[in-house]
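What follows is the content of upload_17.cif (mmCIF, C-alpha atoms).
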```
data_upload
loop_
_atom_site.group_PDB
_atom_site.id
_atom_site.type_symbol
_atom_site.label_atom_id
_atom_site.label_comp_id
_atom_site.auth_asym_id
_atom_site.auth_seq_id
_atom_site.Cartn_x
_atom_site.Cartn_y
_atom_site.Cartn_z
ATOM 1 C CA MET A 1 1.194 -13.901 6.977
ATOM 2 C CA GLU A 2 -0.360 -13.427 10.403
ATOM 3 C CA THR A 3 -4.080 -13.757 11.057
ATOM 4 C CA LEU A 4 -6.191 -12.697 14.004
ATOM 5 C CA ARG A 5 -9.909 -13.043 14.684
ATOM 6 C CA PHE A 6 -12.080 -11.559 17.404
ATOM 7 C CA GLU A 7 -15.808 -11.644 18.139
ATOM 8 C CA SER A 8 -17.596 -10.585 21.294
ATOM 9 C CA SER A 9 -20.725 -8.883 22.599
ATOM 10 C CA ASP A 10 -18.978 -7.853 25.808
ATOM 11 C CA LEU A 11 -17.915 -4.191 25.765
ATOM 12 C CA GLU A 12 -15.055 -4.717 28.198
ATOM 13 C CA ALA A 13 -13.649 -7.551 26.100
ATOM 14 C CA THR A 14 -14.002 -5.467 22.932
ATOM 15 C CA GLU A 15 -12.280 -2.507 24.542
ATOM 16 C CA ALA A 16 -9.403 -4.676 25.741
ATOM 17 C CA PHE A 17 -8.969 -6.276 22.319
ATOM 18 C CA MET A 18 -9.056 -2.998 20.414
ATOM 19 C CA SER A 19 -6.611 -1.410 22.838
ATOM 20 C CA ARG A 20 -4.160 -4.211 22.050
ATOM 21 C CA ALA A 21 -4.847 -4.240 18.301
ATOM 22 C CA TYR A 22 -4.795 -0.474 17.650
ATOM 23 C CA ALA A 23 -3.970 1.899 20.506
ATOM 24 C CA PRO A 24 -5.149 2.409 24.089
ATOM 25 C CA MET A 25 -8.813 3.410 23.947
ATOM 26 C CA ARG A 26 -12.073 3.782 25.774
ATOM 27 C CA ILE A 27 -15.305 2.681 24.122
ATOM 28 C CA GLY A 28 -18.944 2.838 25.085
ATOM 29 C CA GLY A 29 -22.357 1.935 23.719
ATOM 30 C CA ARG A 30 -25.885 0.990 24.667
ATOM 31 C CA ALA A 31 -27.812 -1.584 22.676
ATOM 32 C CA ARG A 32 -29.256 -5.044 23.040
ATOM 33 C CA ASP A 33 -26.633 -6.387 20.684
ATOM 34 C CA THR A 34 -23.165 -4.947 21.282
ATOM 35 C CA ARG A 35 -21.438 -7.444 19.033
ATOM 36 C CA ALA A 36 -18.101 -6.517 17.449
ATOM 37 C CA ARG A 37 -16.100 -8.606 14.970
ATOM 38 C CA VAL A 38 -12.581 -8.115 13.634
ATOM 39 C CA ALA A 39 -10.649 -10.292 11.164
ATOM 40 C CA ARG A 40 -7.030 -9.233 10.604
ATOM 41 C CA THR A 41 -4.468 -10.357 8.055
ATOM 42 C CA ALA A 42 -1.028 -8.813 8.475
ATOM 43 C CA ALA A 43 2.473 -8.902 7.060
ATOM 44 C CA GLU A 44 5.598 -6.863 7.680
ATOM 45 C CA ARG A 45 4.776 -3.125 7.842
ATOM 46 C CA VAL A 46 1.079 -3.556 6.970
ATOM 47 C CA GLY A 47 -2.154 -5.022 8.259
ATOM 48 C CA VAL A 48 -5.717 -5.085 6.916
ATOM 49 C CA ASP A 49 -8.737 -5.581 9.157
ATOM 50 C CA LYS A 50 -12.329 -6.358 8.263
ATOM 51 C CA VAL A 51 -14.457 -4.847 11.042
ATOM 52 C CA ALA A 52 -18.156 -5.096 11.879
ATOM 53 C CA ILE A 53 -19.675 -3.098 14.750
ATOM 54 C CA ASP A 54 -23.369 -3.901 15.167
ATOM 55 C CA PHE A 55 -24.217 -0.974 17.460
ATOM 56 C CA THR A 56 -23.372 2.678 17.971
ATOM 57 C CA MET A 57 -19.967 2.609 19.611
ATOM 58 C CA ALA A 58 -18.343 5.749 20.975
ATOM 59 C CA TYR A 59 -14.556 5.724 20.951
ATOM 60 C CA ASP A 60 -11.705 7.738 22.442
ATOM 61 C CA VAL A 61 -8.395 6.457 21.063
ATOM 62 C CA GLY A 62 -4.739 7.327 21.594
ATOM 63 C CA ALA A 63 -2.277 7.955 18.761
ATOM 64 C CA LEU A 64 -1.963 5.001 16.363
ATOM 65 C CA ASN A 65 1.522 5.990 15.130
ATOM 66 C CA ARG A 66 0.588 4.391 11.812
ATOM 67 C CA VAL A 67 -1.338 5.497 8.756
ATOM 68 C CA ALA A 68 -4.921 4.215 9.135
ATOM 69 C CA LEU A 69 -7.053 4.205 5.983
ATOM 70 C CA LEU A 70 -10.710 3.233 6.292
ATOM 71 C CA THR A 71 -13.097 2.143 3.560
ATOM 72 C CA LEU A 72 -16.669 2.282 4.834
ATOM 73 C CA HIS A 73 -19.068 -0.317 3.425
ATOM 74 C CA THR A 74 -22.237 0.192 5.499
ATOM 75 C CA GLY A 75 -23.335 2.464 8.325
ATOM 76 C CA ALA A 76 -21.576 5.678 9.280
ATOM 77 C CA ILE A 77 -18.522 6.907 11.172
ATOM 78 C CA ALA A 78 -18.358 10.282 12.910
ATOM 79 C CA ALA A 79 -14.871 11.584 13.653
ATOM 80 C CA THR A 80 -14.215 14.563 15.910
ATOM 81 C CA ALA A 81 -11.055 16.543 16.548
ATOM 82 C CA PRO A 82 -10.231 20.119 17.557
ATOM 83 C CA GLY A 83 -11.632 22.282 14.786
ATOM 84 C CA ARG A 84 -12.819 19.305 12.718
ATOM 85 C CA ASP A 85 -16.003 17.225 12.689
ATOM 86 C CA GLU A 86 -16.432 14.717 9.884
ATOM 87 C CA LEU A 87 -19.231 12.299 9.009
ATOM 88 C CA TYR A 88 -18.329 9.502 6.603
ATOM 89 C CA GLY A 89 -20.782 7.316 4.707
ATOM 90 C CA PRO A 90 -20.755 4.120 2.642
ATOM 91 C CA GLY A 91 -18.326 4.118 -0.282
ATOM 92 C CA GLU A 92 -15.896 6.599 1.249
ATOM 93 C CA SER A 93 -12.204 5.831 1.754
ATOM 94 C CA PHE A 94 -10.416 8.197 4.105
ATOM 95 C CA LEU A 95 -7.712 8.790 6.705
ATOM 96 C CA ILE A 96 -9.323 8.401 10.115
ATOM 97 C CA THR A 97 -6.744 10.568 11.931
ATOM 98 C CA GLN A 98 -3.213 11.907 11.764
ATOM 99 C CA PRO A 99 -0.868 9.104 12.882
ATOM 100 C CA ASP A 100 0.521 11.044 15.844
ATOM 101 C CA ARG A 101 -2.783 12.363 17.202
ATOM 102 C CA PRO A 102 -5.500 10.859 19.406
ATOM 103 C CA TYR A 103 -9.029 10.843 18.025
ATOM 104 C CA THR A 104 -12.650 10.457 19.133
ATOM 105 C CA GLY A 105 -16.004 9.824 17.533
ATOM 106 C CA GLU A 106 -18.666 7.192 16.915
ATOM 107 C CA VAL A 107 -18.994 4.076 14.795
ATOM 108 C CA ARG A 108 -22.679 3.828 13.927
ATOM 109 C CA ALA A 109 -23.581 0.197 13.155
ATOM 110 C CA ALA A 110 -20.869 0.034 10.494
ATOM 111 C CA ARG A 111 -18.883 -2.446 8.476
ATOM 112 C CA TYR A 112 -15.554 -1.241 7.184
ATOM 113 C CA THR A 113 -12.034 -2.170 6.157
ATOM 114 C CA VAL A 114 -8.980 -0.706 7.900
ATOM 115 C CA ALA A 115 -5.534 -0.691 6.289
ATOM 116 C CA LEU A 116 -2.677 0.232 8.629
ATOM 117 C CA PHE A 117 0.890 0.774 7.491
ATOM 118 C CA ASP A 118 4.115 2.385 8.667
ATOM 119 C CA THR A 119 4.276 6.159 8.222
ATOM 120 C CA GLU A 120 7.820 5.891 6.834
ATOM 121 C CA LEU A 121 6.395 4.307 3.692
ATOM 122 C CA LEU A 122 4.921 7.668 2.679
ATOM 123 C CA THR A 123 8.349 9.296 2.603
ATOM 124 C CA GLU A 124 9.808 6.313 0.768
ATOM 125 C CA ALA A 125 7.071 6.581 -1.871
ATOM 126 C CA ALA A 126 7.257 10.356 -2.326
ATOM 127 C CA VAL A 127 8.902 11.995 -5.310
ATOM 128 C CA THR A 128 10.553 14.765 -3.294
ATOM 129 C CA GLY A 129 13.927 15.992 -2.204
ATOM 130 C CA ALA A 130 13.690 13.755 0.838
ATOM 131 C CA ARG A 131 17.315 14.366 1.788
ATOM 132 C CA THR A 132 16.526 17.880 2.972
ATOM 133 C CA ARG A 133 12.780 18.136 3.482
ATOM 134 C CA GLY A 134 12.145 15.530 6.122
ATOM 135 C CA PRO A 135 9.212 13.128 6.472
ATOM 136 C CA VAL A 136 6.181 13.418 4.208
ATOM 137 C CA ALA A 137 2.889 14.014 6.009
ATOM 138 C CA LEU A 138 -0.757 13.710 5.027
ATOM 139 C CA THR A 139 -2.549 17.034 5.438
ATOM 140 C CA GLY A 140 -6.150 16.066 4.737
ATOM 141 C CA ASN A 141 -8.470 13.178 5.551
ATOM 142 C CA ARG A 142 -10.689 12.922 2.481
ATOM 143 C CA ALA A 143 -9.643 12.021 -1.065
ATOM 144 C CA ILE A 144 -9.009 14.926 -3.412
ATOM 145 C CA ASP A 145 -11.864 13.943 -5.762
ATOM 146 C CA PRO A 146 -14.331 11.073 -6.404
ATOM 147 C CA ALA A 147 -11.934 9.277 -8.760
ATOM 148 C CA ALA A 148 -9.212 9.378 -6.118
ATOM 149 C CA ASN A 149 -11.674 8.019 -3.557
ATOM 150 C CA ARG A 150 -12.472 5.069 -5.817
ATOM 151 C CA ARG A 151 -8.807 4.423 -6.561
ATOM 152 C CA LEU A 152 -7.859 4.447 -2.883
ATOM 153 C CA GLY A 153 -10.675 2.055 -1.996
ATOM 154 C CA ALA A 154 -9.789 -0.295 -4.852
ATOM 155 C CA THR A 155 -6.133 -0.390 -3.792
ATOM 156 C CA VAL A 156 -7.032 -1.286 -0.209
ATOM 157 C CA ALA A 157 -9.455 -3.950 -1.472
ATOM 158 C CA PHE A 158 -6.786 -5.480 -3.736
ATOM 159 C CA LEU A 159 -4.374 -5.749 -0.822
ATOM 160 C CA ARG A 160 -7.121 -7.274 1.335
ATOM 161 C CA ASP A 161 -8.610 -9.702 -1.198
ATOM 162 C CA HIS A 162 -5.680 -10.747 -3.383
ATOM 163 C CA VAL A 163 -2.353 -10.179 -1.619
ATOM 164 C CA LEU A 164 -2.650 -10.767 2.107
ATOM 165 C CA VAL A 165 -4.987 -13.743 1.746
ATOM 166 C CA ASP A 166 -2.656 -15.624 -0.600
ATOM 167 C CA PRO A 167 -0.556 -18.100 1.405
ATOM 168 C CA ASP A 168 1.818 -18.404 -1.541
ATOM 169 C CA ALA A 169 2.446 -14.660 -1.850
ATOM 170 C CA GLY A 170 6.148 -14.076 -1.351
ATOM 171 C CA GLY A 171 7.783 -11.211 0.474
ATOM 172 C CA LEU A 172 8.461 -9.364 -2.777
ATOM 173 C CA VAL A 173 4.768 -9.469 -3.749
ATOM 174 C CA VAL A 174 3.663 -8.102 -0.380
ATOM 175 C CA ALA A 175 6.385 -5.435 -0.254
ATOM 176 C CA THR A 176 5.531 -4.260 -3.781
ATOM 177 C CA ALA A 177 1.821 -4.076 -2.969
ATOM 178 C CA VAL A 178 2.458 -2.122 0.239
ATOM 179 C CA ARG A 179 4.704 0.366 -1.541
ATOM 180 C CA HIS A 180 1.966 0.751 -4.140
ATOM 181 C CA LEU A 181 -0.599 1.456 -1.411
ATOM 182 C CA ALA A 182 1.643 4.186 0.025
ATOM 183 C CA ALA A 183 2.106 5.754 -3.413
ATOM 184 C CA VAL A 184 -1.643 5.663 -4.114
ATOM 185 C CA THR A 185 -2.319 7.211 -0.707
ATOM 186 C CA LEU A 186 -0.081 10.152 -1.604
ATOM 187 C CA ALA A 187 -1.728 10.484 -5.005
ATOM 188 C CA CYS A 188 -5.243 10.439 -3.531
ATOM 189 C CA LEU A 189 -4.999 12.358 -0.231
ATOM 190 C CA PRO A 190 -3.719 15.906 0.354
ATOM 191 C CA ASN A 191 -0.144 15.828 1.611
ATOM 192 C CA SER A 192 2.908 17.961 2.283
ATOM 193 C CA THR A 193 4.365 17.361 -1.196
ATOM 194 C CA THR A 194 1.336 18.800 -3.018
ATOM 195 C CA GLY A 195 2.264 21.815 -5.098
ATOM 196 C CA GLU A 196 6.009 21.534 -4.571
ATOM 197 C CA GLU A 197 8.047 23.061 -7.357
ATOM 198 C CA PRO A 198 10.934 21.102 -8.897
ATOM 199 C CA HIS A 199 14.383 22.019 -7.622
ATOM 200 C CA ARG A 200 16.988 23.240 -10.063
ATOM 201 C CA THR A 201 19.461 20.798 -8.586
ATOM 202 C CA ASP A 202 17.055 17.950 -9.324
ATOM 203 C CA SER A 203 16.896 18.976 -12.963
ATOM 204 C CA ARG A 204 20.676 19.353 -13.125
ATOM 205 C CA ASP A 205 21.230 15.936 -11.537
ATOM 206 C CA ALA A 206 18.902 14.169 -13.978
ATOM 207 C CA GLY A 207 21.619 13.280 -16.487
ATOM 208 C CA GLY A 208 22.899 10.165 -18.157
ATOM 209 C CA ALA A 209 25.282 9.319 -15.323
ATOM 210 C CA THR A 210 22.376 9.270 -12.866
ATOM 211 C CA LEU A 211 20.433 7.001 -15.188
ATOM 212 C CA ARG A 212 23.340 4.573 -15.545
ATOM 213 C CA ARG A 213 23.878 4.336 -11.789
ATOM 214 C CA ALA A 214 20.174 3.788 -11.193
ATOM 215 C CA ILE A 215 19.904 1.128 -13.907
ATOM 216 C CA ALA A 216 22.920 -0.730 -12.568
ATOM 217 C CA PHE A 217 21.393 -0.751 -9.087
ATOM 218 C CA ILE A 218 18.052 -2.019 -10.397
ATOM 219 C CA GLU A 219 19.684 -4.748 -12.474
ATOM 220 C CA ASP A 220 21.669 -5.969 -9.460
ATOM 221 C CA ASN A 221 18.806 -5.760 -6.958
ATOM 222 C CA ALA A 222 15.581 -6.523 -8.836
ATOM 223 C CA HIS A 223 15.113 -9.646 -6.706
ATOM 224 C CA ARG A 224 15.045 -7.546 -3.519
ATOM 225 C CA ASP A 225 12.395 -5.305 -1.955
ATOM 226 C CA ILE A 226 13.512 -1.958 -3.366
ATOM 227 C CA GLY A 227 11.617 1.220 -4.131
ATOM 228 C CA LEU A 228 12.100 4.700 -5.488
ATOM 229 C CA ALA A 229 13.999 5.961 -2.452
ATOM 230 C CA ASP A 230 16.482 3.079 -2.676
ATOM 231 C CA ILE A 231 17.063 3.629 -6.391
ATOM 232 C CA ALA A 232 17.621 7.349 -5.904
ATOM 233 C CA ALA A 233 20.005 6.805 -2.992
ATOM 234 C CA ALA A 234 22.058 4.374 -5.064
ATOM 235 C CA ALA A 235 22.318 7.022 -7.802
ATOM 236 C CA TYR A 236 23.280 9.738 -5.245
ATOM 237 C CA VAL A 237 20.337 11.981 -6.189
ATOM 238 C CA THR A 238 16.884 12.828 -4.863
ATOM 239 C CA PRO A 239 13.901 10.698 -5.869
ATOM 240 C CA ARG A 240 12.637 13.557 -8.035
ATOM 241 C CA ALA A 241 15.941 13.733 -9.917
ATOM 242 C CA ALA A 242 15.789 9.987 -10.507
ATOM 243 C CA GLN A 243 12.296 10.399 -11.942
ATOM 244 C CA TYR A 244 13.512 13.149 -14.255
ATOM 245 C CA ALA A 245 16.472 11.056 -15.422
ATOM 246 C CA PHE A 246 14.319 8.103 -16.447
ATOM 247 C CA SER A 247 11.683 10.317 -18.038
ATOM 248 C CA ARG A 248 14.205 12.269 -20.118
ATOM 249 C CA HIS A 249 16.580 9.506 -21.125
ATOM 250 C CA ALA A 250 14.604 6.248 -20.936
ATOM 251 C CA GLY A 251 10.981 7.245 -21.535
ATOM 252 C CA THR A 252 9.764 5.529 -18.372
ATOM 253 C CA THR A 253 9.913 5.820 -14.576
ATOM 254 C CA PRO A 254 12.305 4.135 -12.147
ATOM 255 C CA LEU A 255 9.573 1.808 -10.929
ATOM 256 C CA GLY A 256 8.400 1.180 -14.477
ATOM 257 C CA TYR A 257 11.931 0.127 -15.380
ATOM 258 C CA LEU A 258 12.080 -2.075 -12.282
ATOM 259 C CA ARG A 259 8.856 -3.826 -13.316
ATOM 260 C CA ARG A 260 10.235 -4.439 -16.802
ATOM 261 C CA VAL A 261 13.445 -5.943 -15.403
ATOM 262 C CA ARG A 262 11.399 -8.234 -13.169
ATOM 263 C CA LEU A 263 9.246 -9.213 -16.147
ATOM 264 C CA ASP A 264 12.405 -10.074 -18.102
ATOM 265 C CA ARG A 265 13.691 -12.177 -15.201
ATOM 266 C CA ALA A 266 10.356 -14.007 -15.019
ATOM 267 C CA HIS A 267 10.549 -14.605 -18.797
ATOM 268 C CA ALA A 268 14.035 -16.088 -18.471
ATOM 269 C CA GLU A 269 12.880 -18.411 -15.691
ATOM 270 C CA LEU A 270 9.860 -19.547 -17.687
ATOM 271 C CA LYS A 271 12.099 -20.401 -20.637
ATOM 272 C CA ALA A 272 14.455 -22.433 -18.454
ATOM 273 C CA ALA A 273 11.884 -24.061 -16.173
ATOM 274 C CA ASP A 274 10.634 -27.630 -16.066
ATOM 275 C CA PRO A 275 6.823 -27.444 -16.568
ATOM 276 C CA GLY A 276 6.410 -30.411 -14.285
ATOM 277 C CA LEU A 277 8.175 -28.765 -11.378
ATOM 278 C CA THR A 278 6.893 -25.192 -11.388
ATOM 279 C CA SER A 279 4.028 -22.994 -12.568
ATOM 280 C CA VAL A 280 3.464 -19.600 -14.127
ATOM 281 C CA GLY A 281 1.926 -18.408 -10.872
ATOM 282 C CA ALA A 282 4.905 -19.430 -8.768
ATOM 283 C CA ILE A 283 7.363 -17.629 -11.049
ATOM 284 C CA ALA A 284 5.152 -14.537 -11.250
ATOM 285 C CA VAL A 285 4.884 -14.322 -7.467
ATOM 286 C CA LYS A 286 8.640 -14.799 -7.075
ATOM 287 C CA TRP A 287 9.176 -11.665 -9.168
ATOM 288 C CA GLY A 288 6.606 -9.536 -7.374
ATOM 289 C CA PHE A 289 3.530 -9.929 -9.606
ATOM 290 C CA ALA A 290 0.542 -10.588 -7.359
ATOM 291 C CA HIS A 291 -2.239 -10.365 -9.947
ATOM 292 C CA GLN A 292 -1.929 -13.259 -12.405
ATOM 293 C CA GLY A 293 -4.204 -11.663 -15.008
ATOM 294 C CA ARG A 294 -2.190 -8.451 -15.090
ATOM 295 C CA PHE A 295 1.057 -10.390 -15.239
ATOM 296 C CA ALA A 296 -0.235 -12.414 -18.199
ATOM 297 C CA ALA A 297 -1.425 -9.260 -19.994
ATOM 298 C CA ALA A 298 1.902 -7.471 -19.484
ATOM 299 C CA TYR A 299 3.800 -10.582 -20.561
ATOM 300 C CA ARG A 300 1.769 -10.986 -23.761
ATOM 301 C CA THR A 301 2.266 -7.307 -24.625
ATOM 302 C CA VAL A 302 6.056 -7.656 -24.413
ATOM 303 C CA TYR A 303 6.625 -11.200 -25.687
ATOM 304 C CA GLY A 304 3.615 -11.763 -27.935
ATOM 305 C CA VAL A 305 2.508 -14.993 -26.219
ATOM 306 C CA PRO A 306 0.981 -15.874 -22.850
ATOM 307 C CA PRO A 307 3.451 -16.947 -20.148
ATOM 308 C CA SER A 308 1.929 -20.432 -20.144
ATOM 309 C CA ALA A 309 3.054 -20.898 -23.757
ATOM 310 C CA THR A 310 6.643 -20.055 -22.830
ATOM 311 C CA LEU A 311 6.556 -22.527 -19.941
ATOM 312 C CA GLN A 312 5.050 -25.282 -22.072
ATOM 313 C CA ASP A 313 7.748 -24.796 -24.699
ATOM 314 C CA ALA A 314 10.529 -24.762 -22.097
ATOM 315 C CA ASP A 315 11.264 -28.488 -22.330
ATOM 316 C CA ARG A 316 11.378 -28.671 -26.104
#
```

Can you turn what I pasted into structure tokens?
Amino acid sequence: METLRFESSDLEATEAFMSRAYAPMRIGGRARDTRARVARTAAERVGVDKVAIDFTMAYDVGALNRVALLTLHTGAIAATAPGRDELYGPGESFLITQPDRPYTGEVRAARYTVALFDTELLTEAAVTGARTRGPVALTGNRAIDPAANRRLGATVAFLRDHVLVDPDAGGLVVATAVRHLAAVTLACLPNSTTGEEPHRTDSRDAGGATLRRAIAFIEDNAHRDIGLADIAAAAYVTPRAAQYAFSRHAGTTPLGYLRRVRLDRAHAELKAADPGLTSVGAIAVKWGFAHQGRFAAAYRTVYGVPPSATLQDADR
């Protein structure tokens, strides 16, 4: 993990820092206290910032070239663009701008969280015929409904508070959480896949042979950072066809099957482990489970006992 902290009441210093941390920008503001604070935790392909601006700060920013999701905790943020003026308040989670477009507005004495991740993750997370349709794009800034707004904010908060702050979180945990954030973003914000009709070829390709190829790939690569796009490519079909194949013939999803394989691998390690040399948490993290409570609940559902019981019995 990488961490970065900044605090200053000097506008020039704040402008220089934010230009390095985000994109070239101009800022302005008039107040007795022009203090700005930023605390960043970052990993490969993602970063989460906790930001506090104690004054009304005008901004004019170049293209970020990343997806930037904001969750506003206090204050207000006004965003302006050709044909669009938005005012966001506390409790809202939203896309501040299209990744390839500059943006302007004001931060009005606000505290907020920013999650930034690579735009390619949206296409990787999408259940579309990605081979022919090109990159997936977000087409709206606000969540589709209040429940989606809450879900998006909770997902960003989980990444901020439980994944990126954990020094023991392995690469698989972080990669899984980031893929999940991209998938939740697509589920919660309007995007170019909304309303797409299934392709006949996807339905035709969703047979037993596709399922077998996908399962073989998952079994051989569960220890790696893989997602839906990788599974579909290994099965020589679109992500949507892979989804259909698992739904029709296995009663689950490709990622659901991947999680079950990883749970089985964690179970096998717990059975074989020396309780004095490892822990449930270390094995869970190794197999991509960041939340220990959820791992324990899933484990008990499948195996009928908590993972700690399996570990304690391992040396008997």

key: 8 Å contact set for Leu11 of chain A, all atoms listed in the file, chain neighbours under 4 positions out, as a PyMOL selection string   = chain A and resi 15+27-29+34

request  = Could you check which of A:Phe94, A:Phe55, A:Phe6, A:Tyr299 is closest to Ala109 of chain A, using all atoms listed in the file?
outcome  =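 Among the listed residues, the smallest separation from Ala109 of chain A belongs to A:Phe55.
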
Quick one: contact table of segment 149-190 of chain A to segment 277-295 of chain A, 7 Å max, nearest atom pair and distance in Å to one decimal per residue, counting all atoms listed in the file, chain and number order, as a Markdown table?
```
| residue | atom | partner | partner_atom | distance |
| --- | --- | --- | --- | --- |
| A:Val163 | CA | A:Ala290 | CA | 6.4 |
| A:Ala169 | CA | A:Val285 | CA | 6.1 |
| A:Gly170 | CA | A:Val285 | CA | 6.3 |
| A:Leu172 | CA | A:Gly288 | CA | 5.0 |
| A:Val173 | CA | A:Gly288 | CA | 4.1 |
| A:Thr176 | CA | A:Gly288 | CA | 6.5 |
```

query = Smallest atom-to-atom distance to Arg108 of chain A: which of A:Ala52, A:Leu138, A:Ala148, A:Gly153, using all atoms listed in the file?
reply =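 Ranked by minimum distance to Arg108 of chain A, first place goes to A:Ala52.
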
task = Using the chain letters and numbering of this document, enumerate as a PyMOL selection string the residues selected by the PyMOL selection byres ((chain A and resi 36) around 6).
result = chain A and resi 7-8+35+37+52-53

query = In Å to one decimal, how far is atom CA of Glu86 of chain A from atom CA of Pro146 of chain A?
reply =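 Straight-line distance from atom CA of Pro146 of chain A to atom CA of Glu86 of chain A works out to 16.8 Å.
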
Give the centre and edge lengths of an axis-aligned box, in Å to one decimal, that holds all listed atoms of segment 94-105 of chain A with 5 Å on each side, as lines of an AutoDock Vina configuration file.
```
center_x = -7.7
center_y = 10.3
center_z = 11.8
size_x = 26.5
size_y = 14.2
size_z = 25.3
```

request  = Tell me, as number ranges by chain, which residues lie within 9 Å of segment 117-123 of chain A, counting only C-alpha atoms; anything in the same chain fewer than 5 positions away does not count.
outcome  = A: 44-48, 65-69, 99, 128, 130, 134-138, 178-179, 182-183, 185-186, 229

request  = Pick out the residues sitting within 12 Å of Gly207 of chain A, and hand them over as a list of chain:residue names; count all atoms listed in the file, and ignore anything fewer than 5 positions along from it in its own chain.
outcome  = A:Thr201, A:Asp202, A:Arg212, A:Arg213, A:Ala214, A:Ala235, A:Tyr236, A:Val237, A:Ala241, A:Ala242, A:Gln243, A:Tyr244, A:Ala245, A:Phe246, A:Ser247, A:Arg248, A:His249, A:Ala250

query = What does the distance from atom CA of Leu263 of chain A to atom CA of Ala222 of chain A come to in Å, to one decimal?
reply =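 Separation between atom CA of Leu263 of chain A and atom CA of Ala222 of chain A: 10.0 Å.
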
ask   = Given the file above and the PyMOL selection byres ((chain A and resi 75) around 10), which residues are selected, and can you give them as a list in words?
value =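 Residues picked by the PyMOL selection byres ((chain A and resi 75) around 10): Ala52, Ile53, Asp54, Phe55, Thr56, Leu72, His73, Thr74, Ala76, Ile77, Tyr88, Gly89, Pro90, Val107, Arg108, Ala109, Ala110, Arg111 and Tyr112 of chain A.
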
inquiry  = What would the selection look like, as a PyMOL selection string, if the PyMOL selection byres ((chain A and resi 255) around 10) were run on the coordinates I just shared?
reply    = chain A and resi 218+226-228+231+243+246+252-254+256-261

inquiry  = Just to confirm, what's the straight-line distance from atom CA of Leu4 of chain A to atom CA of Lys50 of chain A in Å (one decimal)?
reply    = 10.5 Å

query = Between A:Ser192, A:Ser93, A:Gln98, A:Gln312, which has the minimum distance to Asp145 of chain A (counting all atoms listed in the file)?
reply =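 For Asp145 of chain A, the nearest of the candidates is A:Ser93.
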
note = Judged by all atoms listed in the file, the minimum distance to Val174 of chain A among A:Ala21, A:Arg142, A:Leu159, A:Arg26 is found for A:Leu159

query = With only C-alpha atoms as the basis for distance, which of A:Gly304, A:Asp274, A:Ala43, A:Asp60 is at the shortest distance from Ala177 of chain A?
reply =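 Checking each candidate against Ala177 of chain A, we get A:Ala43 as the closest.
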
Atoms are missing here; could segment 22-31 of chain A be completed with N, CA, C and O atoms and written as a PDB file, keeping the file's coordinate frame?
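In the end it all went to result20.pdb:
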```pdb
ATOM      1  N   TYR A  22      -4.963  -1.791  18.266  1.00  0.00           N
ATOM      2  CA  TYR A  22      -4.795  -0.474  17.650  1.00  0.00           C
ATOM      3  C   TYR A  22      -3.977   0.459  18.548  1.00  0.00           C
ATOM      4  O   TYR A  22      -2.807   0.689  18.313  1.00  0.00           O
ATOM      5  N   ALA A  23      -4.616   0.999  19.546  1.00  0.00           N
ATOM      6  CA  ALA A  23      -3.970   1.899  20.506  1.00  0.00           C
ATOM      7  C   ALA A  23      -4.856   1.936  21.744  1.00  0.00           C
ATOM      8  O   ALA A  23      -6.040   1.586  21.671  1.00  0.00           O
ATOM      9  N   PRO A  24      -4.310   2.333  22.896  1.00  0.00           N
ATOM     10  CA  PRO A  24      -5.149   2.409  24.089  1.00  0.00           C
ATOM     11  C   PRO A  24      -6.402   3.236  23.831  1.00  0.00           C
ATOM     12  O   PRO A  24      -6.329   4.337  23.261  1.00  0.00           O
ATOM     13  N   MET A  25      -7.565   2.704  24.237  1.00  0.00           N
ATOM     14  CA  MET A  25      -8.813   3.410  23.947  1.00  0.00           C
ATOM     15  C   MET A  25      -9.861   3.121  24.996  1.00  0.00           C
ATOM     16  O   MET A  25      -9.768   2.156  25.758  1.00  0.00           O
ATOM     17  N   ARG A  26     -10.869   3.998  24.990  1.00  0.00           N
ATOM     18  CA  ARG A  26     -12.073   3.782  25.774  1.00  0.00           C
ATOM     19  C   ARG A  26     -13.232   3.727  24.797  1.00  0.00           C
ATOM     20  O   ARG A  26     -13.312   4.523  23.857  1.00  0.00           O
ATOM     21  N   ILE A  27     -14.131   2.761  24.981  1.00  0.00           N
ATOM     22  CA  ILE A  27     -15.305   2.681  24.122  1.00  0.00           C
ATOM     23  C   ILE A  27     -16.539   2.620  24.995  1.00  0.00           C
ATOM     24  O   ILE A  27     -16.478   2.328  26.198  1.00  0.00           O
ATOM     25  N   GLY A  28     -17.683   2.900  24.374  1.00  0.00           N
ATOM     26  CA  GLY A  28     -18.944   2.838  25.085  1.00  0.00           C
ATOM     27  C   GLY A  28     -20.078   2.644  24.105  1.00  0.00           C
ATOM     28  O   GLY A  28     -19.952   2.938  22.915  1.00  0.00           O
ATOM     29  N   GLY A  29     -21.199   2.127  24.578  1.00  0.00           N
ATOM     30  CA  GLY A  29     -22.357   1.935  23.719  1.00  0.00           C
ATOM     31  C   GLY A  29     -23.490   1.300  24.486  1.00  0.00           C
ATOM     32  O   GLY A  29     -23.264   0.579  25.470  1.00  0.00           O
ATOM     33  N   ARG A  30     -24.702   1.581  24.027  1.00  0.00           N
ATOM     34  CA  ARG A  30     -25.885   0.990  24.667  1.00  0.00           C
ATOM     35  C   ARG A  30     -26.758   0.398  23.571  1.00  0.00           C
ATOM     36  O   ARG A  30     -27.219   1.097  22.679  1.00  0.00           O
ATOM     37  N   ALA A  31     -26.960  -0.890  23.638  1.00  0.00           N
ATOM     38  CA  ALA A  31     -27.812  -1.584  22.676  1.00  0.00           C
ATOM     39  C   ALA A  31     -28.014  -2.998  23.175  1.00  0.00           C
ATOM     40  O   ALA A  31     -27.259  -3.507  24.008  1.00  0.00           O
TER      41      ALA A  31
END
```
